[in-house]
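So this one's upload-v9.txt, compact mmCIF, N, CA and C atoms:
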```txt
# COMPACT_ATOMS: atom_id res chain seq x y z
N MET A 69 0.84 -1.19 0.00
CA MET A 69 0.00 0.00 0.00
C MET A 69 0.88 1.25 0.00
N PRO A 70 0.47 2.26 -0.76
CA PRO A 70 1.25 3.51 -0.74
C PRO A 70 1.05 4.25 0.59
N HIS A 71 2.10 4.90 1.01
CA HIS A 71 2.04 5.72 2.21
C HIS A 71 2.41 7.15 1.83
N MET A 72 1.90 8.10 2.61
CA MET A 72 2.24 9.49 2.35
C MET A 72 2.49 10.23 3.64
N ARG A 73 3.30 11.23 3.53
CA ARG A 73 3.62 12.06 4.69
C ARG A 73 2.45 12.96 5.02
N ILE A 74 2.48 13.51 6.20
CA ILE A 74 1.37 14.34 6.70
C ILE A 74 1.09 15.52 5.76
N ARG A 75 2.13 16.16 5.27
CA ARG A 75 1.94 17.32 4.37
C ARG A 75 1.20 16.91 3.10
N GLU A 76 1.57 15.76 2.54
CA GLU A 76 0.88 15.28 1.34
C GLU A 76 -0.59 14.97 1.63
N ALA A 77 -0.83 14.30 2.75
CA ALA A 77 -2.21 13.96 3.13
C ALA A 77 -3.03 15.23 3.31
N ALA A 78 -2.44 16.24 3.93
CA ALA A 78 -3.14 17.51 4.13
C ALA A 78 -3.49 18.15 2.80
N GLY A 79 -2.58 18.07 1.86
CA GLY A 79 -2.84 18.64 0.52
C GLY A 79 -4.00 17.95 -0.17
N PHE A 80 -4.06 16.62 -0.08
CA PHE A 80 -5.16 15.90 -0.71
C PHE A 80 -6.50 16.16 -0.02
N MET A 81 -6.46 16.40 1.28
CA MET A 81 -7.70 16.64 2.03
C MET A 81 -8.11 18.11 2.01
N GLY A 82 -7.22 18.99 1.57
CA GLY A 82 -7.54 20.42 1.53
C GLY A 82 -7.57 21.06 2.91
N VAL A 83 -6.71 20.55 3.81
CA VAL A 83 -6.64 21.06 5.18
C VAL A 83 -5.19 21.34 5.53
N SER A 84 -4.96 21.86 6.72
CA SER A 84 -3.60 22.14 7.17
C SER A 84 -2.93 20.87 7.71
N ASP A 85 -1.61 20.92 7.81
CA ASP A 85 -0.87 19.82 8.42
C ASP A 85 -1.35 19.59 9.84
N ASP A 86 -1.62 20.69 10.57
CA ASP A 86 -2.07 20.58 11.95
C ASP A 86 -3.40 19.83 12.07
N THR A 87 -4.29 20.04 11.10
CA THR A 87 -5.57 19.32 11.12
C THR A 87 -5.34 17.82 10.99
N VAL A 88 -4.46 17.42 10.10
CA VAL A 88 -4.15 15.99 9.94
C VAL A 88 -3.54 15.45 11.23
N ARG A 89 -2.65 16.21 11.85
CA ARG A 89 -2.06 15.77 13.12
C ARG A 89 -3.14 15.60 14.19
N ARG A 90 -4.12 16.51 14.23
CA ARG A 90 -5.22 16.38 15.21
C ARG A 90 -6.04 15.13 14.93
N TRP A 91 -6.31 14.84 13.65
CA TRP A 91 -7.05 13.62 13.30
C TRP A 91 -6.29 12.39 13.81
N ILE A 92 -4.97 12.42 13.70
CA ILE A 92 -4.16 11.30 14.19
C ILE A 92 -4.25 11.22 15.70
N GLU A 93 -4.10 12.36 16.38
CA GLU A 93 -4.17 12.40 17.84
C GLU A 93 -5.51 11.91 18.37
N HIS A 94 -6.59 12.23 17.65
CA HIS A 94 -7.93 11.85 18.10
C HIS A 94 -8.32 10.44 17.65
N GLY A 95 -7.44 9.78 16.89
CA GLY A 95 -7.72 8.41 16.46
C GLY A 95 -8.56 8.30 15.20
N SER A 96 -8.82 9.41 14.53
CA SER A 96 -9.58 9.37 13.28
C SER A 96 -8.76 8.77 12.15
N LEU A 97 -7.46 8.97 12.20
CA LEU A 97 -6.51 8.41 11.22
C LEU A 97 -5.39 7.72 11.97
N ASN A 98 -4.88 6.65 11.40
CA ASN A 98 -3.73 5.96 11.97
C ASN A 98 -2.48 6.39 11.23
N ALA A 99 -1.40 6.51 11.97
CA ALA A 99 -0.12 6.84 11.36
C ALA A 99 0.92 5.82 11.80
N THR A 100 1.84 5.53 10.91
CA THR A 100 2.99 4.69 11.25
C THR A 100 4.23 5.52 10.95
N HIS A 101 5.37 4.92 11.06
CA HIS A 101 6.62 5.63 10.77
C HIS A 101 7.33 4.96 9.60
N ASP A 102 7.91 5.78 8.74
CA ASP A 102 8.66 5.23 7.61
C ASP A 102 10.08 4.90 8.07
N SER A 103 10.90 4.46 7.15
CA SER A 103 12.27 4.06 7.50
C SER A 103 13.09 5.23 8.04
N GLY A 104 12.69 6.45 7.72
CA GLY A 104 13.39 7.63 8.22
C GLY A 104 12.82 8.13 9.54
N GLY A 105 11.82 7.43 10.08
CA GLY A 105 11.23 7.82 11.36
C GLY A 105 10.14 8.87 11.25
N ARG A 106 9.75 9.24 10.03
CA ARG A 106 8.71 10.25 9.85
C ARG A 106 7.34 9.58 9.85
N LYS A 107 6.35 10.32 10.38
CA LYS A 107 4.98 9.79 10.38
C LYS A 107 4.44 9.73 8.96
N VAL A 108 3.80 8.61 8.64
CA VAL A 108 3.17 8.43 7.33
C VAL A 108 1.78 7.83 7.53
N ILE A 109 0.94 8.06 6.54
CA ILE A 109 -0.44 7.58 6.58
C ILE A 109 -0.64 6.66 5.39
N ASP A 110 -1.31 5.54 5.62
CA ASP A 110 -1.63 4.60 4.55
C ASP A 110 -2.57 5.29 3.56
N GLY A 111 -2.23 5.23 2.27
CA GLY A 111 -3.01 5.90 1.24
C GLY A 111 -4.45 5.42 1.16
N PHE A 112 -4.66 4.11 1.30
CA PHE A 112 -6.03 3.58 1.21
C PHE A 112 -6.86 4.04 2.41
N GLU A 113 -6.26 4.05 3.60
CA GLU A 113 -6.98 4.53 4.77
C GLU A 113 -7.37 6.01 4.60
N LEU A 114 -6.45 6.81 4.05
CA LEU A 114 -6.76 8.22 3.81
C LEU A 114 -7.90 8.35 2.80
N ALA A 115 -7.88 7.52 1.76
CA ALA A 115 -8.95 7.57 0.76
C ALA A 115 -10.30 7.22 1.39
N GLN A 116 -10.32 6.20 2.25
CA GLN A 116 -11.56 5.83 2.93
C GLN A 116 -12.03 6.95 3.87
N PHE A 117 -11.08 7.57 4.56
CA PHE A 117 -11.42 8.67 5.46
C PHE A 117 -11.96 9.85 4.66
N ALA A 118 -11.34 10.15 3.52
CA ALA A 118 -11.81 11.25 2.67
C ALA A 118 -13.23 10.98 2.21
N ARG A 119 -13.51 9.75 1.82
CA ARG A 119 -14.86 9.40 1.38
C ARG A 119 -15.87 9.59 2.51
N SER A 120 -15.49 9.21 3.73
CA SER A 120 -16.42 9.33 4.86
C SER A 120 -16.67 10.79 5.24
N GLN A 121 -15.72 11.65 4.93
CA GLN A 121 -15.84 13.07 5.28
C GLN A 121 -16.54 13.90 4.20
N ALA A 122 -16.62 13.35 3.00
CA ALA A 122 -17.18 14.10 1.86
C ALA A 122 -18.68 14.30 2.02
N THR A 123 -19.10 15.50 1.79
CA THR A 123 -20.53 15.80 1.77
C THR A 123 -20.83 16.53 0.48
N ALA A 124 -21.76 15.99 -0.26
CA ALA A 124 -22.14 16.62 -1.52
C ALA A 124 -23.10 17.77 -1.24
N ALA A 125 -23.00 18.79 -2.05
CA ALA A 125 -23.95 19.89 -1.96
C ALA A 125 -25.33 19.35 -2.33
N PRO A 126 -26.37 19.84 -1.68
CA PRO A 126 -27.71 19.35 -2.02
C PRO A 126 -28.05 19.65 -3.48
N ASN A 127 -28.75 18.73 -4.09
CA ASN A 127 -29.15 18.88 -5.49
C ASN A 127 -30.32 19.85 -5.56
N PRO A 128 -30.11 21.04 -6.13
CA PRO A 128 -31.20 22.02 -6.18
C PRO A 128 -32.27 21.67 -7.20
N LEU A 129 -32.01 20.66 -8.04
CA LEU A 129 -32.96 20.32 -9.09
C LEU A 129 -34.08 19.43 -8.59
N GLY A 130 -33.81 18.60 -7.59
CA GLY A 130 -34.83 17.72 -7.04
C GLY A 130 -35.33 16.68 -8.02
N VAL A 131 -34.48 16.22 -8.92
CA VAL A 131 -34.88 15.19 -9.88
C VAL A 131 -33.99 13.97 -9.70
N GLY A 132 -34.50 12.80 -10.07
CA GLY A 132 -33.70 11.60 -10.06
C GLY A 132 -32.90 11.50 -11.34
N SER A 133 -31.81 10.76 -11.28
CA SER A 133 -30.97 10.60 -12.46
C SER A 133 -30.14 9.35 -12.33
N SER A 134 -29.83 8.72 -13.46
CA SER A 134 -28.96 7.56 -13.43
C SER A 134 -27.49 7.97 -13.37
N ALA A 135 -27.19 9.21 -13.65
CA ALA A 135 -25.81 9.68 -13.60
C ALA A 135 -25.37 9.82 -12.15
N ARG A 136 -24.20 9.30 -11.84
CA ARG A 136 -23.69 9.35 -10.46
C ARG A 136 -22.71 10.50 -10.24
N ASN A 137 -22.21 11.07 -11.29
CA ASN A 137 -21.22 12.13 -11.17
C ASN A 137 -21.91 13.48 -11.35
N ARG A 138 -22.31 14.06 -10.23
CA ARG A 138 -23.04 15.32 -10.23
C ARG A 138 -22.25 16.33 -9.41
N PHE A 139 -22.05 17.51 -9.98
CA PHE A 139 -21.27 18.53 -9.32
C PHE A 139 -22.10 19.81 -9.24
N VAL A 140 -22.53 20.17 -8.04
CA VAL A 140 -23.29 21.39 -7.84
C VAL A 140 -22.31 22.54 -7.70
N GLY A 141 -22.56 23.64 -8.41
CA GLY A 141 -21.64 24.75 -8.35
C GLY A 141 -22.26 26.06 -8.78
N LEU A 142 -21.40 27.04 -8.87
CA LEU A 142 -21.81 28.39 -9.27
C LEU A 142 -21.20 28.71 -10.62
N VAL A 143 -21.96 29.37 -11.46
CA VAL A 143 -21.48 29.78 -12.78
C VAL A 143 -20.48 30.91 -12.58
N THR A 144 -19.25 30.70 -13.09
CA THR A 144 -18.20 31.72 -12.93
C THR A 144 -17.81 32.39 -14.23
N ASP A 145 -18.17 31.78 -15.37
CA ASP A 145 -17.83 32.39 -16.65
C ASP A 145 -18.74 31.83 -17.73
N ILE A 146 -19.15 32.70 -18.64
CA ILE A 146 -19.96 32.29 -19.79
C ILE A 146 -19.39 33.00 -21.01
N ARG A 147 -19.03 32.23 -22.02
CA ARG A 147 -18.55 32.80 -23.28
C ARG A 147 -19.48 32.31 -24.38
N VAL A 148 -20.17 33.24 -25.01
CA VAL A 148 -21.19 32.88 -25.99
C VAL A 148 -20.83 33.48 -27.34
N ASP A 149 -20.99 32.67 -28.41
CA ASP A 149 -20.92 33.23 -29.76
C ASP A 149 -22.23 32.91 -30.46
N THR A 150 -22.26 32.96 -31.74
CA THR A 150 -23.50 32.79 -32.49
C THR A 150 -24.15 31.42 -32.28
N VAL A 151 -23.33 30.37 -32.26
CA VAL A 151 -23.87 29.01 -32.20
C VAL A 151 -23.56 28.31 -30.89
N MET A 152 -22.35 28.47 -30.37
CA MET A 152 -21.90 27.70 -29.22
C MET A 152 -21.57 28.60 -28.02
N ALA A 153 -21.53 27.95 -26.85
CA ALA A 153 -21.16 28.66 -25.63
C ALA A 153 -20.26 27.77 -24.78
N GLN A 154 -19.43 28.42 -23.98
CA GLN A 154 -18.60 27.73 -23.00
C GLN A 154 -19.03 28.24 -21.64
N VAL A 155 -19.44 27.33 -20.77
CA VAL A 155 -19.90 27.70 -19.43
C VAL A 155 -18.98 27.07 -18.41
N GLU A 156 -18.52 27.87 -17.47
CA GLU A 156 -17.61 27.39 -16.44
C GLU A 156 -18.31 27.44 -15.08
N LEU A 157 -18.19 26.34 -14.33
CA LEU A 157 -18.74 26.27 -12.98
C LEU A 157 -17.61 26.08 -11.99
N GLN A 158 -17.75 26.62 -10.80
CA GLN A 158 -16.85 26.32 -9.70
C GLN A 158 -17.64 25.45 -8.75
N CYS A 159 -17.26 24.18 -8.67
CA CYS A 159 -17.96 23.18 -7.86
C CYS A 159 -17.04 22.79 -6.71
N GLY A 160 -17.16 23.48 -5.58
CA GLY A 160 -16.20 23.26 -4.50
C GLY A 160 -14.84 23.64 -5.00
N PRO A 161 -13.84 22.77 -4.82
CA PRO A 161 -12.50 23.11 -5.30
C PRO A 161 -12.30 22.80 -6.78
N PHE A 162 -13.33 22.30 -7.46
CA PHE A 162 -13.17 21.86 -8.83
C PHE A 162 -13.79 22.82 -9.83
N ARG A 163 -13.09 23.02 -10.93
CA ARG A 163 -13.57 23.84 -12.05
C ARG A 163 -14.09 22.87 -13.10
N VAL A 164 -15.35 23.06 -13.51
CA VAL A 164 -15.96 22.21 -14.52
C VAL A 164 -16.37 23.10 -15.68
N VAL A 165 -15.97 22.72 -16.89
CA VAL A 165 -16.26 23.51 -18.08
C VAL A 165 -17.15 22.68 -19.01
N SER A 166 -18.20 23.30 -19.53
CA SER A 166 -19.12 22.61 -20.44
C SER A 166 -19.26 23.41 -21.73
N LEU A 167 -19.30 22.70 -22.83
CA LEU A 167 -19.59 23.32 -24.12
C LEU A 167 -21.03 22.96 -24.47
N MET A 168 -21.81 23.94 -24.86
CA MET A 168 -23.21 23.73 -25.19
C MET A 168 -23.64 24.75 -26.23
N SER A 169 -24.84 24.60 -26.72
CA SER A 169 -25.33 25.57 -27.69
C SER A 169 -25.63 26.90 -26.99
N SER A 170 -25.57 27.97 -27.74
CA SER A 170 -25.93 29.29 -27.19
C SER A 170 -27.39 29.30 -26.76
N ASP A 171 -28.24 28.57 -27.51
CA ASP A 171 -29.66 28.47 -27.13
C ASP A 171 -29.82 27.83 -25.76
N ALA A 172 -28.99 26.83 -25.44
CA ALA A 172 -29.09 26.16 -24.14
C ALA A 172 -28.81 27.13 -22.99
N VAL A 173 -27.85 28.03 -23.18
CA VAL A 173 -27.54 29.02 -22.15
C VAL A 173 -28.78 29.88 -21.87
N VAL A 174 -29.46 30.28 -22.93
CA VAL A 174 -30.67 31.09 -22.79
C VAL A 174 -31.79 30.27 -22.15
N ASP A 175 -32.00 29.05 -22.66
CA ASP A 175 -33.08 28.19 -22.15
C ASP A 175 -32.90 27.87 -20.67
N LEU A 176 -31.65 27.65 -20.24
CA LEU A 176 -31.37 27.34 -18.84
C LEU A 176 -31.28 28.59 -17.96
N ARG A 177 -31.37 29.75 -18.58
CA ARG A 177 -31.27 31.04 -17.87
C ARG A 177 -29.98 31.12 -17.04
N LEU A 178 -28.89 30.66 -17.65
CA LEU A 178 -27.60 30.70 -16.97
C LEU A 178 -27.08 32.12 -16.95
N GLU A 179 -26.58 32.53 -15.81
CA GLU A 179 -25.93 33.83 -15.67
C GLU A 179 -24.86 33.72 -14.61
N LEU A 180 -23.94 34.65 -14.62
CA LEU A 180 -22.84 34.63 -13.66
C LEU A 180 -23.40 34.61 -12.24
N GLY A 181 -22.91 33.69 -11.43
CA GLY A 181 -23.34 33.57 -10.05
C GLY A 181 -24.54 32.67 -9.83
N SER A 182 -25.16 32.18 -10.91
CA SER A 182 -26.32 31.31 -10.71
C SER A 182 -25.86 29.90 -10.35
N VAL A 183 -26.73 29.17 -9.67
CA VAL A 183 -26.46 27.79 -9.27
C VAL A 183 -26.79 26.87 -10.43
N ALA A 184 -25.92 25.90 -10.67
CA ALA A 184 -26.15 24.92 -11.73
C ALA A 184 -25.55 23.59 -11.30
N VAL A 185 -25.96 22.53 -11.95
CA VAL A 185 -25.44 21.20 -11.67
C VAL A 185 -24.80 20.66 -12.94
N ALA A 186 -23.54 20.29 -12.85
CA ALA A 186 -22.86 19.63 -13.97
C ALA A 186 -23.07 18.12 -13.78
N VAL A 187 -23.62 17.48 -14.79
CA VAL A 187 -23.87 16.05 -14.74
C VAL A 187 -22.97 15.38 -15.77
N VAL A 188 -22.18 14.42 -15.31
CA VAL A 188 -21.24 13.74 -16.19
C VAL A 188 -21.64 12.28 -16.25
N LYS A 189 -21.98 11.82 -17.43
CA LYS A 189 -22.26 10.40 -17.64
C LYS A 189 -21.48 9.99 -18.87
N SER A 190 -20.49 9.16 -18.64
CA SER A 190 -19.61 8.82 -19.73
C SER A 190 -19.10 7.41 -19.58
N THR A 191 -18.87 6.76 -20.67
CA THR A 191 -18.24 5.45 -20.63
C THR A 191 -16.74 5.57 -20.62
N THR A 192 -16.22 6.76 -20.83
CA THR A 192 -14.78 6.97 -20.82
C THR A 192 -14.42 7.99 -19.75
N VAL A 193 -13.69 7.53 -18.76
CA VAL A 193 -13.11 8.40 -17.74
C VAL A 193 -11.63 8.07 -17.70
N ILE A 194 -10.80 9.05 -17.95
CA ILE A 194 -9.36 8.83 -18.00
C ILE A 194 -8.78 9.04 -16.61
N ILE A 195 -7.99 8.08 -16.14
CA ILE A 195 -7.33 8.16 -14.85
C ILE A 195 -5.83 8.30 -15.12
N GLU A 196 -5.20 9.25 -14.45
CA GLU A 196 -3.77 9.44 -14.59
C GLU A 196 -3.10 9.30 -13.23
N THR A 197 -1.84 8.95 -13.20
CA THR A 197 -1.08 8.85 -11.96
C THR A 197 0.18 9.69 -12.08
N PRO A 198 0.75 10.10 -10.95
CA PRO A 198 1.99 10.87 -11.01
C PRO A 198 3.12 10.02 -11.57
N GLN A 199 4.03 10.68 -12.28
CA GLN A 199 5.18 9.97 -12.84
C GLN A 199 6.15 9.65 -11.71
N GLU A 200 6.65 8.42 -11.71
CA GLU A 200 7.61 8.01 -10.69
C GLU A 200 8.91 8.77 -10.87
N GLU A 201 9.47 9.22 -9.76
CA GLU A 201 10.78 9.89 -9.83
C GLU A 201 11.87 8.84 -9.85
N SER A 202 12.90 9.07 -10.67
CA SER A 202 13.99 8.09 -10.74
C SER A 202 15.12 8.44 -9.82
```

Structure encoded using C-alpha cells:
Amino acid sequence: MPHMRIREAAGFMGVSDDTVRRWIEHGSLNATHDSGGRKVIDGFELAQFARSQATAAPNPLGVGSSARNRFVGLVTDIRVDTVMAQVELQCGPFRVVSLMSSDAVVDLRLELGSVAVAVVKSTTVIIETPQEES
C-alpha cells in the first residue's frame, strides 16, 4: 500500500498539516513511521477517510438521475458566440467547463453567479497517476 507524509495527506484533504495531526491524535486516522522515522499515513486509509468526510452539496434540481457524477456549483464564466457557448462552474474546489449551444444558455437562464449542476455520464473516464521519480 502507498504511504504518504502528513503534508501530502493535508494537501489531498484540503486542510492544514495541523488538522491531519489532530485527526491522528484523536484516532480518526492511523499513522505509522517510515524508514526515516517520519509519520506516514496509509493511502487507502486516507482515501476511505476522505470518502467518509465528503458531503455533496444538495441537489437544487430535485430530480432523479442515473448519472452518479453530479457537481453542484456556481457559474463563474460564460462565453457565448452565435452558435456555441462555453460555461464554467466552480464546484467546491473543482472547475468544470461545459460546451453547449448558445440556445441552451438562454433556455437554462444561466448567468454569472447562478447555481447549476454539472452532470457527467460517460463510458470513458481517464485516470492518470503521477510519474515516478527516478

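In terms of minimum interatomic distance to A:Val173, A:Ile146 ranks closest within A:Ile194, A:Leu114, A:Gln158, A:Ile146, counting only C-alpha atoms.
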
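Of the residues listed (A:Leu167, A:Val140, A:Phe80, A:Ser120), A:Val140 shows the shortest atom-to-atom separation from A:Val185; distances use all atoms listed in the file.
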
Residue neighbourhood A:Arg106, 8 Å, all atoms listed in the file, exclusion window fewer than 4 positions, as an MDAnalysis selection string: chainID A and resid 72:74 99:102

Writing out the chosen residues with N, CA and C atoms as a short mmCIF file (atom, residue, chain, number, x, y, z; two decimals), in the coordinates of the input:
```cif
data_model
loop_
_atom_site.label_atom_id
_atom_site.label_comp_id
_atom_site.auth_asym_id
_atom_site.auth_seq_id
_atom_site.Cartn_x
_atom_site.Cartn_y
_atom_site.Cartn_z
N MET A 72 1.90 8.10 2.61
CA MET A 72 2.24 9.49 2.35
C MET A 72 2.49 10.23 3.64
N ARG A 73 3.30 11.23 3.53
CA ARG A 73 3.62 12.06 4.69
C ARG A 73 2.45 12.96 5.02
N ILE A 74 2.48 13.51 6.20
CA ILE A 74 1.37 14.34 6.70
C ILE A 74 1.09 15.52 5.76
N ALA A 99 -1.40 6.51 11.97
CA ALA A 99 -0.12 6.84 11.36
C ALA A 99 0.92 5.82 11.80
N THR A 100 1.84 5.53 10.91
CA THR A 100 2.99 4.69 11.25
C THR A 100 4.23 5.52 10.95
N HIS A 101 5.37 4.92 11.06
CA HIS A 101 6.62 5.63 10.77
C HIS A 101 7.33 4.96 9.60
N ASP A 102 7.91 5.78 8.74
CA ASP A 102 8.66 5.23 7.61
C ASP A 102 10.08 4.90 8.07
#
```

Exercise: A:Thr144 partners within 8 Å, all atoms listed in the file, chain neighbours under 3 positions left out, as number ranges by chain: A: 141, 147, 155-158, 179-182

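Rounded to one decimal, atom C of A:Ile109 and atom CA of A:Ala77 lie 7.8 Å from each other.
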
All residues 8 Å or closer to A:Asp149, all atoms listed in the file, same chain fewer than 3 positions away omitted, as an MDAnalysis selection string: chainID A and resid 146 152:154 169:171

Writing out the chosen residues with N, CA and C atoms as a PDB file, in the frame of the given file:
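The file below, again.pdb, is the result:
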```pdb
ATOM      1  N   ILE A 146     -19.150  32.700 -18.640  1.00  0.00           N
ATOM      2  CA  ILE A 146     -19.960  32.290 -19.790  1.00  0.00           C
ATOM      3  C   ILE A 146     -19.390  33.000 -21.010  1.00  0.00           C
ATOM      4  N   MET A 152     -22.350  28.470 -30.370  1.00  0.00           N
ATOM      5  CA  MET A 152     -21.900  27.700 -29.220  1.00  0.00           C
ATOM      6  C   MET A 152     -21.570  28.600 -28.020  1.00  0.00           C
ATOM      7  N   ALA A 153     -21.530  27.950 -26.850  1.00  0.00           N
ATOM      8  CA  ALA A 153     -21.160  28.660 -25.630  1.00  0.00           C
ATOM      9  C   ALA A 153     -20.260  27.770 -24.780  1.00  0.00           C
ATOM     10  N   GLN A 154     -19.430  28.420 -23.980  1.00  0.00           N
ATOM     11  CA  GLN A 154     -18.600  27.730 -23.000  1.00  0.00           C
ATOM     12  C   GLN A 154     -19.030  28.240 -21.640  1.00  0.00           C
ATOM     13  N   SER A 169     -24.840  24.600 -26.720  1.00  0.00           N
ATOM     14  CA  SER A 169     -25.330  25.570 -27.690  1.00  0.00           C
ATOM     15  C   SER A 169     -25.630  26.900 -26.990  1.00  0.00           C
ATOM     16  N   SER A 170     -25.570  27.970 -27.740  1.00  0.00           N
ATOM     17  CA  SER A 170     -25.930  29.290 -27.190  1.00  0.00           C
ATOM     18  C   SER A 170     -27.390  29.300 -26.760  1.00  0.00           C
ATOM     19  N   ASP A 171     -28.240  28.570 -27.510  1.00  0.00           N
ATOM     20  CA  ASP A 171     -29.660  28.470 -27.130  1.00  0.00           C
ATOM     21  C   ASP A 171     -29.820  27.830 -25.760  1.00  0.00           C
TER      22      ASP A 171
END
```

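Taking atom CA of A:Ala186 as the reference point, atom CA of A:Gln121 is found at 21.5 Å.
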
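Closest approach to A:Val143 among A:Val183, A:Ala115, A:Phe162, A:Val108: A:Val183, based on all atoms listed in the file.
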
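Picture a line from atom CA of A:Thr123 to atom CA of A:Gly160; it runs 10.7 Å.
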
DSSP strand (DSSP E or B) residues within chain A, listed as a ChimeraX atom specification: /A:71-73,100-101,107-110,137-148,152-159,162-169,183-188

Those in stretch 125-201 of chain A with helix (DSSP H, G or I) from DSSP, as a ChimeraX atom specification: /A:170-175

Polymer residues at most 10 Å from A:Phe112, only C-alpha atoms, same-chain spacing of 5 or more positions, as a ChimeraX atom specification: /A:69-71,117-118

Among listed residues A:Trp91, A:Gln116, A:Val151, A:Val187, nearest A:Phe139 (using only N, CA and C atoms): A:Val187

What box, with edges along x, y and z, holds each listed atom of stretch 142-157 of chain A when 3 Å is added on every side, and can you state its centre and edge lengths in Å to one decimal, as JSON?
```
{"center_x": -20.9, "center_y": 29.8, "center_z": -20.7, "size_x": 12.5, "size_y": 13.4, "size_z": 29.6}
```
